[in-house]
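Okay, final-v7.tsv now, which holds TSV, C-alpha atoms and all ligand atoms:
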chain	number	residue	atom	x	y	z
A	176	MET	CA	110.47	95.51	91.66
A	177	THR	CA	110.79	98.59	89.43
A	178	ALA	CA	109.17	99.37	86.08
A	179	LYS	CA	111.96	101.72	85.09
A	180	PRO	CA	115.25	101.80	86.98
A	181	ILE	CA	115.19	104.16	89.94
A	182	THR	CA	118.62	105.30	91.00
A	183	LEU	CA	118.07	105.66	94.71
A	184	GLN	CA	120.34	103.66	96.97
A	185	GLU	CA	121.79	106.64	98.84
A	186	LEU	CA	119.86	107.85	101.84
A	187	PRO	CA	118.98	111.56	101.33
A	188	THR	CA	121.27	113.69	103.49
A	189	ASP	CA	118.35	115.10	105.51
A	190	LEU	CA	117.31	111.62	106.69
A	191	ARG	CA	119.13	110.20	109.69
A	192	PRO	CA	119.76	106.44	109.44
A	193	ASP	CA	119.26	106.00	113.18
A	194	ARG	CA	115.79	107.62	113.00
A	195	LEU	CA	114.40	105.47	110.20
A	196	PRO	CA	111.45	103.22	111.05
A	197	GLN	CA	111.70	99.46	110.72
A	198	HIS	CA	108.27	99.13	109.22
A	199	VAL	CA	106.37	101.54	106.97
A	200	ALA	CA	102.65	101.13	106.27
A	201	VAL	CA	100.78	103.04	103.59
A	202	ILE	CA	97.11	103.27	102.73
A	203	MET	CA	96.74	103.49	98.98
A	204	ASP	CA	94.36	106.36	98.59
A	205	GLY	CA	93.87	109.27	96.24
A	206	ASN	CA	94.61	107.38	93.03
A	207	GLY	CA	91.29	108.35	91.52
A	208	ARG	CA	91.56	111.98	92.61
A	209	TRP	CA	95.08	112.23	91.23
A	210	ALA	CA	93.91	110.90	87.86
A	211	LYS	CA	90.94	113.28	87.78
A	212	LYS	CA	93.23	116.24	88.40
A	213	GLN	CA	95.34	115.18	85.44
A	214	GLY	CA	92.23	114.81	83.28
A	215	LEU	CA	92.76	111.02	83.11
A	216	PRO	CA	90.41	108.10	83.77
A	217	ARG	CA	90.50	106.77	87.36
A	218	ILE	CA	92.17	103.54	86.30
A	219	MET	CA	95.22	105.51	85.23
A	220	GLY	CA	95.46	106.64	88.84
A	221	HIS	CA	95.59	103.02	89.98
A	222	ARG	CA	98.35	102.30	87.47
A	223	ARG	CA	100.30	105.25	88.80
A	224	GLY	CA	99.65	103.95	92.31
A	225	VAL	CA	101.44	100.73	91.41
A	226	ASP	CA	104.47	102.71	90.19
A	227	THR	CA	104.52	104.66	93.45
A	228	LEU	CA	104.34	101.43	95.42
A	229	LYS	CA	107.32	100.05	93.51
A	230	GLU	CA	109.29	103.21	94.28
A	231	LEU	CA	108.40	102.85	97.94
A	232	LEU	CA	109.54	99.26	98.00
A	233	ARG	CA	112.78	100.34	96.37
A	234	CYS	CA	113.28	103.03	99.05
A	235	CYS	CA	112.69	100.45	101.79
A	236	LYS	CA	115.22	98.10	100.30
A	237	ASP	CA	117.88	100.74	99.65
A	238	TRP	CA	117.47	102.42	103.01
A	239	GLY	CA	117.32	99.28	105.10
A	240	ILE	CA	113.68	99.56	106.17
A	241	GLY	CA	112.73	95.97	106.90
A	242	ALA	CA	109.03	95.90	106.11
A	243	LEU	CA	106.49	97.69	103.95
A	244	THR	CA	102.75	97.11	104.36
A	245	ALA	CA	100.39	98.39	101.67
A	246	TYR	CA	96.69	98.62	102.45
A	247	ALA	CA	95.61	98.07	98.88
A	248	PHE	CA	91.94	97.01	98.78
A	249	SER	CA	89.47	97.26	101.64
A	250	THR	CA	86.18	95.42	102.08
A	251	GLU	CA	84.47	98.76	101.33
A	252	ASN	CA	86.22	98.93	97.95
A	253	TRP	CA	83.88	96.20	96.63
A	254	GLY	CA	81.30	99.00	96.48
A	255	ARG	CA	83.18	100.70	93.63
A	256	PRO	CA	81.69	100.49	90.12
A	257	GLN	CA	82.01	96.89	88.91
A	258	GLU	CA	84.27	97.95	86.02
A	259	GLU	CA	86.75	99.52	88.41
A	260	VAL	CA	86.71	96.52	90.75
A	261	ASN	CA	87.34	94.21	87.78
A	262	PHE	CA	90.18	96.41	86.64
A	263	LEU	CA	91.77	96.39	90.10
A	264	MET	CA	91.58	92.59	90.36
A	265	MET	CA	93.19	92.30	86.94
A	266	LEU	CA	95.83	94.85	87.90
A	267	PHE	CA	96.73	92.96	91.09
A	268	GLU	CA	97.09	89.76	89.15
A	269	ARG	CA	99.16	91.31	86.40
A	270	VAL	CA	101.49	93.13	88.78
A	271	LEU	CA	102.14	89.95	90.73
A	272	ARG	CA	102.83	87.96	87.58
A	273	GLN	CA	105.11	90.61	86.10
A	274	GLU	CA	107.04	91.44	89.24
A	275	LEU	CA	107.66	88.01	90.74
A	276	ARG	CA	111.00	87.52	89.06
A	277	GLU	CA	112.27	90.89	90.21
A	278	MET	CA	111.01	90.30	93.74
A	279	MET	CA	113.08	87.13	93.76
A	280	GLN	CA	116.14	89.01	92.48
A	281	GLU	CA	115.65	91.71	95.08
A	282	ASP	CA	115.13	89.16	97.86
A	283	VAL	CA	111.65	90.52	98.70
A	284	GLN	CA	109.34	88.30	100.71
A	285	ILE	CA	105.71	88.96	99.87
A	286	GLU	CA	102.80	88.19	102.19
A	287	PHE	CA	99.08	88.87	101.94
A	288	VAL	CA	96.71	89.63	104.75
A	289	GLY	CA	92.93	89.91	104.59
A	290	ASN	CA	90.15	87.62	103.51
A	291	LEU	CA	91.52	86.25	100.27
A	292	ASN	CA	88.73	83.72	99.67
A	293	ALA	CA	86.49	86.33	98.07
A	294	LEU	CA	89.07	87.24	95.41
A	295	PRO	CA	88.87	85.80	91.90
A	296	GLU	CA	90.27	82.26	91.73
A	297	SER	CA	93.02	83.21	89.27
A	298	LEU	CA	94.17	86.03	91.55
A	299	GLN	CA	94.20	83.70	94.54
A	300	GLN	CA	96.43	81.36	92.57
A	301	GLU	CA	98.81	84.17	91.62
A	302	ILE	CA	98.93	85.28	95.26
A	303	ALA	CA	99.64	81.74	96.47
A	304	LYS	CA	102.41	81.38	93.89
A	305	SER	CA	104.15	84.64	94.78
A	306	VAL	CA	103.88	83.95	98.53
A	307	ASP	CA	105.19	80.44	98.09
A	308	GLU	CA	108.09	81.34	95.82
A	309	THR	CA	109.31	84.24	97.94
A	310	ARG	CA	108.79	82.60	101.34
A	311	HIS	CA	112.50	81.94	101.92
A	312	ASN	CA	113.64	85.42	100.87
A	313	THR	CA	115.22	87.28	103.74
A	314	GLY	CA	115.23	90.88	102.44
A	315	THR	CA	112.40	93.40	102.67
A	316	LYS	CA	109.06	92.02	103.83
A	317	PHE	CA	106.31	93.33	101.59
A	318	ARG	CA	102.85	92.80	103.04
A	319	VAL	CA	99.75	93.56	101.02
A	320	ALA	CA	96.41	93.97	102.80
A	321	THR	CA	93.70	92.90	100.39
A	322	ASN	CA	90.00	92.65	101.20
A	323	TYR	CA	90.80	93.90	104.68
A	324	GLY	CA	88.48	95.71	107.05
A	325	GLY	CA	88.04	96.34	110.76
A	326	ARG	CA	84.54	94.85	110.84
A	327	GLN	CA	85.71	91.83	108.90
A	328	GLU	CA	88.51	91.27	111.40
A	329	ILE	CA	86.07	91.43	114.31
A	330	ILE	CA	83.81	88.90	112.59
A	331	HIS	CA	86.78	86.59	112.02
A	332	ALA	CA	87.85	86.87	115.64
A	333	CYS	CA	84.31	86.07	116.82
A	334	GLN	CA	84.12	83.11	114.47
A	335	ALA	CA	87.43	81.82	115.78
A	336	ILE	CA	86.45	82.31	119.39
A	337	ALA	CA	82.87	81.08	119.34
A	338	PRO	CA	83.46	77.34	118.97
A	339	LYS	CA	86.45	77.28	121.30
A	340	CYS	CA	85.38	79.40	124.17
A	341	ASN	CA	81.87	79.15	125.51
A	342	LYS	CA	82.92	81.05	128.64
A	343	VAL	CA	83.03	84.26	126.58
A	344	THR	CA	79.26	84.32	126.36
A	345	SER	CA	78.73	83.71	130.06
A	346	SER	CA	81.50	86.03	131.32
A	347	PRO	CA	82.81	88.24	128.49
A	348	ARG	CA	85.11	90.17	130.82
A	349	LYS	CA	87.33	87.12	130.97
A	350	LEU	CA	88.30	87.74	127.36
A	351	THR	CA	91.69	89.48	127.24
A	352	LYS	CA	93.95	90.64	124.42
A	353	ARG	CA	96.22	87.74	125.24
A	354	SER	CA	93.54	85.08	125.03
A	355	LEU	CA	92.15	86.65	121.85
A	356	ASN	CA	95.57	86.52	120.19
A	357	ALA	CA	96.08	82.97	121.31
A	358	ILE	CA	92.75	81.86	119.93
A	359	SER	CA	92.60	83.76	116.65
A	360	THR	CA	96.16	83.11	115.47
A	361	PRO	CA	97.21	79.93	117.19
A	362	PRO	CA	100.84	78.99	116.51
A	363	GLU	CA	100.07	75.57	117.97
A	364	PRO	CA	96.92	73.80	119.09
A	365	VAL	CA	95.12	76.15	121.46
A	366	THR	CA	94.86	74.99	125.02
A	367	GLN	CA	94.20	78.37	126.60
A	368	THR	CA	90.79	79.28	127.96
A	369	CYS	CA	89.24	82.75	127.92
B	401	LIG	C1	92.41	103.78	96.49
B	401	LIG	O1	92.47	104.94	95.66
B	401	LIG	C2	93.15	102.65	95.89
B	401	LIG	C3	92.61	101.45	95.60
B	401	LIG	C4	91.22	101.11	95.90
B	401	LIG	C5	93.41	100.37	94.97
B	401	LIG	C6	94.93	100.46	95.08
B	401	LIG	C7	95.56	99.20	94.58
B	401	LIG	C8	96.44	99.13	93.56
B	401	LIG	C9	96.88	100.34	92.83
B	401	LIG	C10	96.99	97.79	93.14
B	401	LIG	C11	98.26	97.43	93.91
B	401	LIG	C12	98.76	96.10	93.45
B	401	LIG	C13	99.50	95.24	94.21
B	401	LIG	C14	99.84	93.90	93.68
B	401	LIG	C15	99.96	95.56	95.57
B	401	LIG	P1	91.10	105.67	95.40
B	401	LIG	O2	90.53	105.20	94.13
B	401	LIG	O3	90.26	105.50	96.62
B	401	LIG	O4	91.42	107.15	95.23
B	401	LIG	P2	90.34	108.30	95.54
B	401	LIG	O5	90.27	108.39	97.03
B	401	LIG	O6	90.95	109.47	94.90
B	401	LIG	O7	89.04	107.91	94.92
Just dump the structure as structure tokens.
Amino acid sequence: MTAKPITLQELPTDLRPDRLPQHVAVIMDGNGRWAKKQGLPRIMGHRRGVDTLKELLRCCKDWGIGALTAYAFSTENWGRPQEEVNFLMMLFERVLRQELREMMQEDVQIEFVGNLNALPESLQQEIAKSVDETRHNTGTKFRVATNYGGRQEIIHACQAIAPKCNKVTSSPRKLTKRSLNAISTPPEPVTQTC
């Protein structure tokens, strides 16, 4: 998934293979500030951010790090100037479209987390396509958090719990991490009570 070839592959000598993490997560931040420092418009910072993300994905692949999560767009980011939000949505869509073939070649499996329903329809389609086409890839897992947020997650959990578990309202202490997990991401029909 590289714009220009990056000749990495070798692990730098000061990194010990046995100390490498299995999963790296990055919050994409500072794009705008970086651009400002260079005397460039903020959107150039986001473009550069994409290049950096590609380099990171390349590092993960070459160094055997199994998963990369990028926190790319939070619920708070909707508060950016409309022009910038529009640009970011377009950038997401374009990157996905342009990089899908290379992700297939590189055996990357892409996943999205967050509330995707609020994203533009065309972006949702591009996301669905890239997730679907890469779902059987077994190499690096690349997870993109889009329209994510702590408050949003709490709301989702409450929405998932409310219809299934009326005991929560009468005795909230009965709610445990285990029952919350079981209810909010059920692998099978939920039979557990709170
Ligand atoms: C924060 O930097 C970054 C963002 C709000 C967007 C980052 C997303 C991308 C570059 C697109 C990635 C695309 C895919 C498909 C994964 P900032 O503007 O908050 O920087 P600042 O803190 O300097 O203002």
- request: May I ask you to write as a ChimeraX atom specification all residues lying at most 9 Å from ligand LIG 401 (chain B), with all atoms listed in the file counted?
  value: /A:202-211,217-218,220-229,245-249,251-253,255,259-260,263-264,266-271,274,302,318-321
Those same residues - C-alpha atoms - I'd like them written as an mmCIF file, in the frame of the given file.
data_model
loop_
_atom_site.group_PDB
_atom_site.id
_atom_site.type_symbol
_atom_site.label_atom_id
_atom_site.label_comp_id
_atom_site.auth_asym_id
_atom_site.auth_seq_id
_atom_site.Cartn_x
_atom_site.Cartn_y
_atom_site.Cartn_z
ATOM 1 C CA ILE A 202 97.110 103.270 102.730
ATOM 2 C CA MET A 203 96.740 103.490 98.980
ATOM 3 C CA ASP A 204 94.360 106.360 98.590
ATOM 4 C CA GLY A 205 93.870 109.270 96.240
ATOM 5 C CA ASN A 206 94.610 107.380 93.030
ATOM 6 C CA GLY A 207 91.290 108.350 91.520
ATOM 7 C CA ARG A 208 91.560 111.980 92.610
ATOM 8 C CA TRP A 209 95.080 112.230 91.230
ATOM 9 C CA ALA A 210 93.910 110.900 87.860
ATOM 10 C CA LYS A 211 90.940 113.280 87.780
ATOM 11 C CA ARG A 217 90.500 106.770 87.360
ATOM 12 C CA ILE A 218 92.170 103.540 86.300
ATOM 13 C CA GLY A 220 95.460 106.640 88.840
ATOM 14 C CA HIS A 221 95.590 103.020 89.980
ATOM 15 C CA ARG A 222 98.350 102.300 87.470
ATOM 16 C CA ARG A 223 100.300 105.250 88.800
ATOM 17 C CA GLY A 224 99.650 103.950 92.310
ATOM 18 C CA VAL A 225 101.440 100.730 91.410
ATOM 19 C CA ASP A 226 104.470 102.710 90.190
ATOM 20 C CA THR A 227 104.520 104.660 93.450
ATOM 21 C CA LEU A 228 104.340 101.430 95.420
ATOM 22 C CA LYS A 229 107.320 100.050 93.510
ATOM 23 C CA ALA A 245 100.390 98.390 101.670
ATOM 24 C CA TYR A 246 96.690 98.620 102.450
ATOM 25 C CA ALA A 247 95.610 98.070 98.880
ATOM 26 C CA PHE A 248 91.940 97.010 98.780
ATOM 27 C CA SER A 249 89.470 97.260 101.640
ATOM 28 C CA GLU A 251 84.470 98.760 101.330
ATOM 29 C CA ASN A 252 86.220 98.930 97.950
ATOM 30 C CA TRP A 253 83.880 96.200 96.630
ATOM 31 C CA ARG A 255 83.180 100.700 93.630
ATOM 32 C CA GLU A 259 86.750 99.520 88.410
ATOM 33 C CA VAL A 260 86.710 96.520 90.750
ATOM 34 C CA LEU A 263 91.770 96.390 90.100
ATOM 35 C CA MET A 264 91.580 92.590 90.360
ATOM 36 C CA LEU A 266 95.830 94.850 87.900
ATOM 37 C CA PHE A 267 96.730 92.960 91.090
ATOM 38 C CA GLU A 268 97.090 89.760 89.150
ATOM 39 C CA ARG A 269 99.160 91.310 86.400
ATOM 40 C CA VAL A 270 101.490 93.130 88.780
ATOM 41 C CA LEU A 271 102.140 89.950 90.730
ATOM 42 C CA GLU A 274 107.040 91.440 89.240
ATOM 43 C CA ILE A 302 98.930 85.280 95.260
ATOM 44 C CA ARG A 318 102.850 92.800 103.040
ATOM 45 C CA VAL A 319 99.750 93.560 101.020
ATOM 46 C CA ALA A 320 96.410 93.970 102.800
ATOM 47 C CA THR A 321 93.700 92.900 100.390
#
Checklist entry - So what do you get for CA of Glu286 (chain A) versus CA of Asp307 (chain A), distance-wise? => result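 Going from CA of Glu286 (chain A) over to CA of Asp307 (chain A) covers 9.1 Å.
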Point out the residue among A:Leu350, A:Cys333, A:Leu190, A:Val283 with the least atom-to-atom distance to Leu243 (chain A), counting only C-alpha atoms.
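Using only C-alpha atoms, Leu243 (chain A) sits closest to A:Val283.
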A straight line from CA of Ser354 (chain A) to CA of Ala335 (chain A) spans 11.6 Å
Using all atoms listed in the file: which of A:Arg310, A:Lys316, A:Lys304, A:Arg276 has the shortest distance to Gly239 (chain A):
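Among the listed residues, A:Lys316 lies closest to Gly239 (chain A).
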Review point. Using all atoms listed in the file, which of the listed residues (A:Ile240, A:Thr351, A:Asp282, A:Asn290) sits closest to Pro192 (chain A)?
Key: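 Checking each candidate against Pro192 (chain A), we get A:Ile240 as the closest.
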Just to confirm, what's the straight-line distance from CA of Thr315 (chain A) to CA of Leu231 (chain A) in Å (one decimal)?
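That distance, rounded to one decimal, is 11.3 Å.
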Among A:Leu232, A:Gly214, A:Trp238, A:Met279, Thr188 (chain A) is approached most closely, using all atoms listed in the file, by A:Trp238
- Query: Between A:Gly289, A:Asn261, A:Asn312, A:Arg194, which is the closest to His331 (chain A) once you count all atoms listed in the file?
  - Reply: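 Looking only at the distances to His331 (chain A), the closest residue turns out to be A:Gly289.
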* Tell me which of A:Asp189, A:Ile330, A:Arg272, A:Gln197 sits closest to Gln300 (chain A), counting all atoms listed in the file. =>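 So, comparing all the options, the nearest one is A:Arg272.
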Is it possible to get the axis-aligned box enclosing region 259-262 of chain A (all listed atoms, 5 Å extra per side) as lines of an AutoDock Vina configuration file, with centre and edge lengths in Å rounded to one decimal?
center_x = 88.4
center_y = 96.9
center_z = 88.7
size_x = 13.5
size_y = 15.3
size_z = 14.1
Would you output region 234-276 of chain A from that structure, restricted to N, CA and C atoms, as an mmCIF file, in the first residue's frame?
data_model
loop_
_atom_site.group_PDB
_atom_site.id
_atom_site.type_symbol
_atom_site.label_atom_id
_atom_site.label_comp_id
_atom_site.auth_asym_id
_atom_site.auth_seq_id
_atom_site.Cartn_x
_atom_site.Cartn_y
_atom_site.Cartn_z
ATOM 1 N N CYS A 234 5.839 -0.903 7.377
ATOM 2 C CA CYS A 234 6.691 -1.349 8.500
ATOM 3 C C CYS A 234 6.069 -2.572 9.160
ATOM 4 N N CYS A 235 4.752 -2.495 9.420
ATOM 5 C CA CYS A 235 4.081 -3.603 10.113
ATOM 6 C C CYS A 235 4.229 -4.884 9.311
ATOM 7 N N LYS A 236 4.034 -4.760 8.013
ATOM 8 C CA LYS A 236 4.121 -5.953 7.167
ATOM 9 C C LYS A 236 5.551 -6.511 7.176
ATOM 10 N N ASP A 237 6.523 -5.627 6.929
ATOM 11 C CA ASP A 237 7.908 -6.086 6.814
ATOM 12 C C ASP A 237 8.461 -6.618 8.131
ATOM 13 N N TRP A 238 7.972 -6.078 9.240
ATOM 14 C CA TRP A 238 8.543 -6.459 10.529
ATOM 15 C C TRP A 238 7.682 -7.476 11.272
ATOM 16 N N GLY A 239 6.660 -7.960 10.611
ATOM 17 C CA GLY A 239 5.859 -9.030 11.211
ATOM 18 C C GLY A 239 4.950 -8.578 12.341
ATOM 19 N N ILE A 240 4.561 -7.298 12.327
ATOM 20 C CA ILE A 240 3.586 -6.820 13.326
ATOM 21 C C ILE A 240 2.199 -7.097 12.753
ATOM 22 N N GLY A 241 1.414 -7.891 13.476
ATOM 23 C CA GLY A 241 0.196 -8.441 12.888
ATOM 24 C C GLY A 241 -0.932 -7.458 12.617
ATOM 25 N N ALA A 242 -1.022 -6.397 13.403
ATOM 26 C CA ALA A 242 -2.182 -5.508 13.256
ATOM 27 C C ALA A 242 -1.820 -4.046 13.464
ATOM 28 N N LEU A 243 -2.423 -3.211 12.643
ATOM 29 C CA LEU A 243 -2.266 -1.761 12.778
ATOM 30 C C LEU A 243 -3.664 -1.153 12.868
ATOM 31 N N THR A 244 -3.902 -0.375 13.917
ATOM 32 C CA THR A 244 -5.167 0.354 14.017
ATOM 33 C C THR A 244 -4.879 1.837 13.886
ATOM 34 N N ALA A 245 -5.615 2.505 12.998
ATOM 35 C CA ALA A 245 -5.455 3.953 12.832
ATOM 36 C C ALA A 245 -6.735 4.641 13.280
ATOM 37 N N TYR A 246 -6.634 5.479 14.274
ATOM 38 C CA TYR A 246 -7.778 6.300 14.691
ATOM 39 C C TYR A 246 -7.786 7.515 13.768
ATOM 40 N N ALA A 247 -8.641 7.471 12.765
ATOM 41 C CA ALA A 247 -8.519 8.429 11.668
ATOM 42 C C ALA A 247 -9.492 9.601 11.737
ATOM 43 N N PHE A 248 -10.695 9.378 12.268
ATOM 44 C CA PHE A 248 -11.689 10.469 12.252
ATOM 45 C C PHE A 248 -12.648 10.262 13.419
ATOM 46 N N SER A 249 -12.574 11.166 14.385
ATOM 47 C CA SER A 249 -13.412 11.003 15.584
ATOM 48 C C SER A 249 -14.748 11.715 15.405
ATOM 49 N N THR A 250 -15.679 11.434 16.313
ATOM 50 C CA THR A 250 -16.983 12.115 16.241
ATOM 51 C C THR A 250 -16.790 13.632 16.395
ATOM 52 N N GLU A 251 -15.766 14.022 17.150
ATOM 53 C CA GLU A 251 -15.500 15.463 17.342
ATOM 54 C C GLU A 251 -15.030 16.116 16.033
ATOM 55 N N ASN A 252 -14.424 15.328 15.175
ATOM 56 C CA ASN A 252 -13.884 15.905 13.928
ATOM 57 C C ASN A 252 -14.962 16.457 12.991
ATOM 58 N N TRP A 253 -16.247 16.089 13.247
ATOM 59 C CA TRP A 253 -17.317 16.686 12.421
ATOM 60 C C TRP A 253 -17.392 18.201 12.653
ATOM 61 N N GLY A 254 -16.825 18.640 13.772
ATOM 62 C CA GLY A 254 -16.868 20.074 14.103
ATOM 63 C C GLY A 254 -15.843 20.894 13.343
ATOM 64 N N ARG A 255 -15.030 20.263 12.533
ATOM 65 C CA ARG A 255 -14.066 21.007 11.695
ATOM 66 C C ARG A 255 -14.820 21.821 10.642
ATOM 67 N N PRO A 256 -14.155 22.847 10.054
ATOM 68 C CA PRO A 256 -14.822 23.573 8.965
ATOM 69 C C PRO A 256 -15.337 22.591 7.901
ATOM 70 N N GLN A 257 -16.535 22.894 7.382
ATOM 71 C CA GLN A 257 -17.190 21.968 6.450
ATOM 72 C C GLN A 257 -16.280 21.584 5.274
ATOM 73 N N GLU A 258 -15.530 22.568 4.800
ATOM 74 C CA GLU A 258 -14.620 22.305 3.656
ATOM 75 C C GLU A 258 -13.610 21.213 3.994
ATOM 76 N N GLU A 259 -13.093 21.285 5.212
ATOM 77 C CA GLU A 259 -12.074 20.305 5.624
ATOM 78 C C GLU A 259 -12.706 18.915 5.799
ATOM 79 N N VAL A 260 -13.916 18.899 6.386
ATOM 80 C CA VAL A 260 -14.606 17.614 6.550
ATOM 81 C C VAL A 260 -14.859 16.993 5.169
ATOM 82 N N ASN A 261 -15.350 17.829 4.242
ATOM 83 C CA ASN A 261 -15.620 17.317 2.885
ATOM 84 C C ASN A 261 -14.345 16.766 2.257
ATOM 85 N N PHE A 262 -13.256 17.498 2.455
ATOM 86 C CA PHE A 262 -11.992 17.049 1.880
ATOM 87 C C PHE A 262 -11.592 15.697 2.470
ATOM 88 N N LEU A 263 -11.752 15.564 3.801
ATOM 89 C CA LEU A 263 -11.346 14.309 4.442
ATOM 90 C C LEU A 263 -12.179 13.127 3.945
ATOM 91 N N MET A 264 -13.488 13.356 3.780
ATOM 92 C CA MET A 264 -14.356 12.268 3.290
ATOM 93 C C MET A 264 -13.914 11.848 1.885
ATOM 94 N N MET A 265 -13.595 12.866 1.069
ATOM 95 C CA MET A 265 -13.153 12.579 -0.294
ATOM 96 C C MET A 265 -11.799 11.849 -0.277
ATOM 97 N N LEU A 266 -10.945 12.280 0.649
ATOM 98 C CA LEU A 266 -9.622 11.654 0.744
ATOM 99 C C LEU A 266 -9.738 10.177 1.149
ATOM 100 N N PHE A 267 -10.569 9.906 2.147
ATOM 101 C CA PHE A 267 -10.796 8.518 2.566
ATOM 102 C C PHE A 267 -11.207 7.665 1.373
ATOM 103 N N GLU A 268 -12.189 8.196 0.661
ATOM 104 C CA GLU A 268 -12.764 7.436 -0.453
ATOM 105 C C GLU A 268 -11.708 7.189 -1.534
ATOM 106 N N ARG A 269 -10.945 8.236 -1.819
ATOM 107 C CA ARG A 269 -9.956 8.113 -2.893
ATOM 108 C C ARG A 269 -8.841 7.139 -2.500
ATOM 109 N N VAL A 270 -8.408 7.243 -1.250
ATOM 110 C CA VAL A 270 -7.332 6.357 -0.800
ATOM 111 C C VAL A 270 -7.792 4.900 -0.886
ATOM 112 N N LEU A 271 -9.012 4.650 -0.444
ATOM 113 C CA LEU A 271 -9.507 3.271 -0.481
ATOM 114 C C LEU A 271 -9.561 2.752 -1.911
ATOM 115 N N ARG A 272 -10.079 3.608 -2.795
ATOM 116 C CA ARG A 272 -10.213 3.186 -4.195
ATOM 117 C C ARG A 272 -8.839 2.921 -4.810
ATOM 118 N N GLN A 273 -7.898 3.829 -4.527
ATOM 119 C CA GLN A 273 -6.583 3.704 -5.171
ATOM 120 C C GLN A 273 -5.743 2.575 -4.586
ATOM 121 N N GLU A 274 -5.951 2.268 -3.322
ATOM 122 C CA GLU A 274 -5.035 1.336 -2.664
ATOM 123 C C GLU A 274 -5.548 -0.097 -2.581
ATOM 124 N N LEU A 275 -6.789 -0.312 -3.002
ATOM 125 C CA LEU A 275 -7.371 -1.643 -2.821
ATOM 126 C C LEU A 275 -6.545 -2.742 -3.505
ATOM 127 N N ARG A 276 -6.137 -2.441 -4.736
ATOM 128 C CA ARG A 276 -5.389 -3.468 -5.460
ATOM 129 C C ARG A 276 -4.087 -3.845 -4.723
#
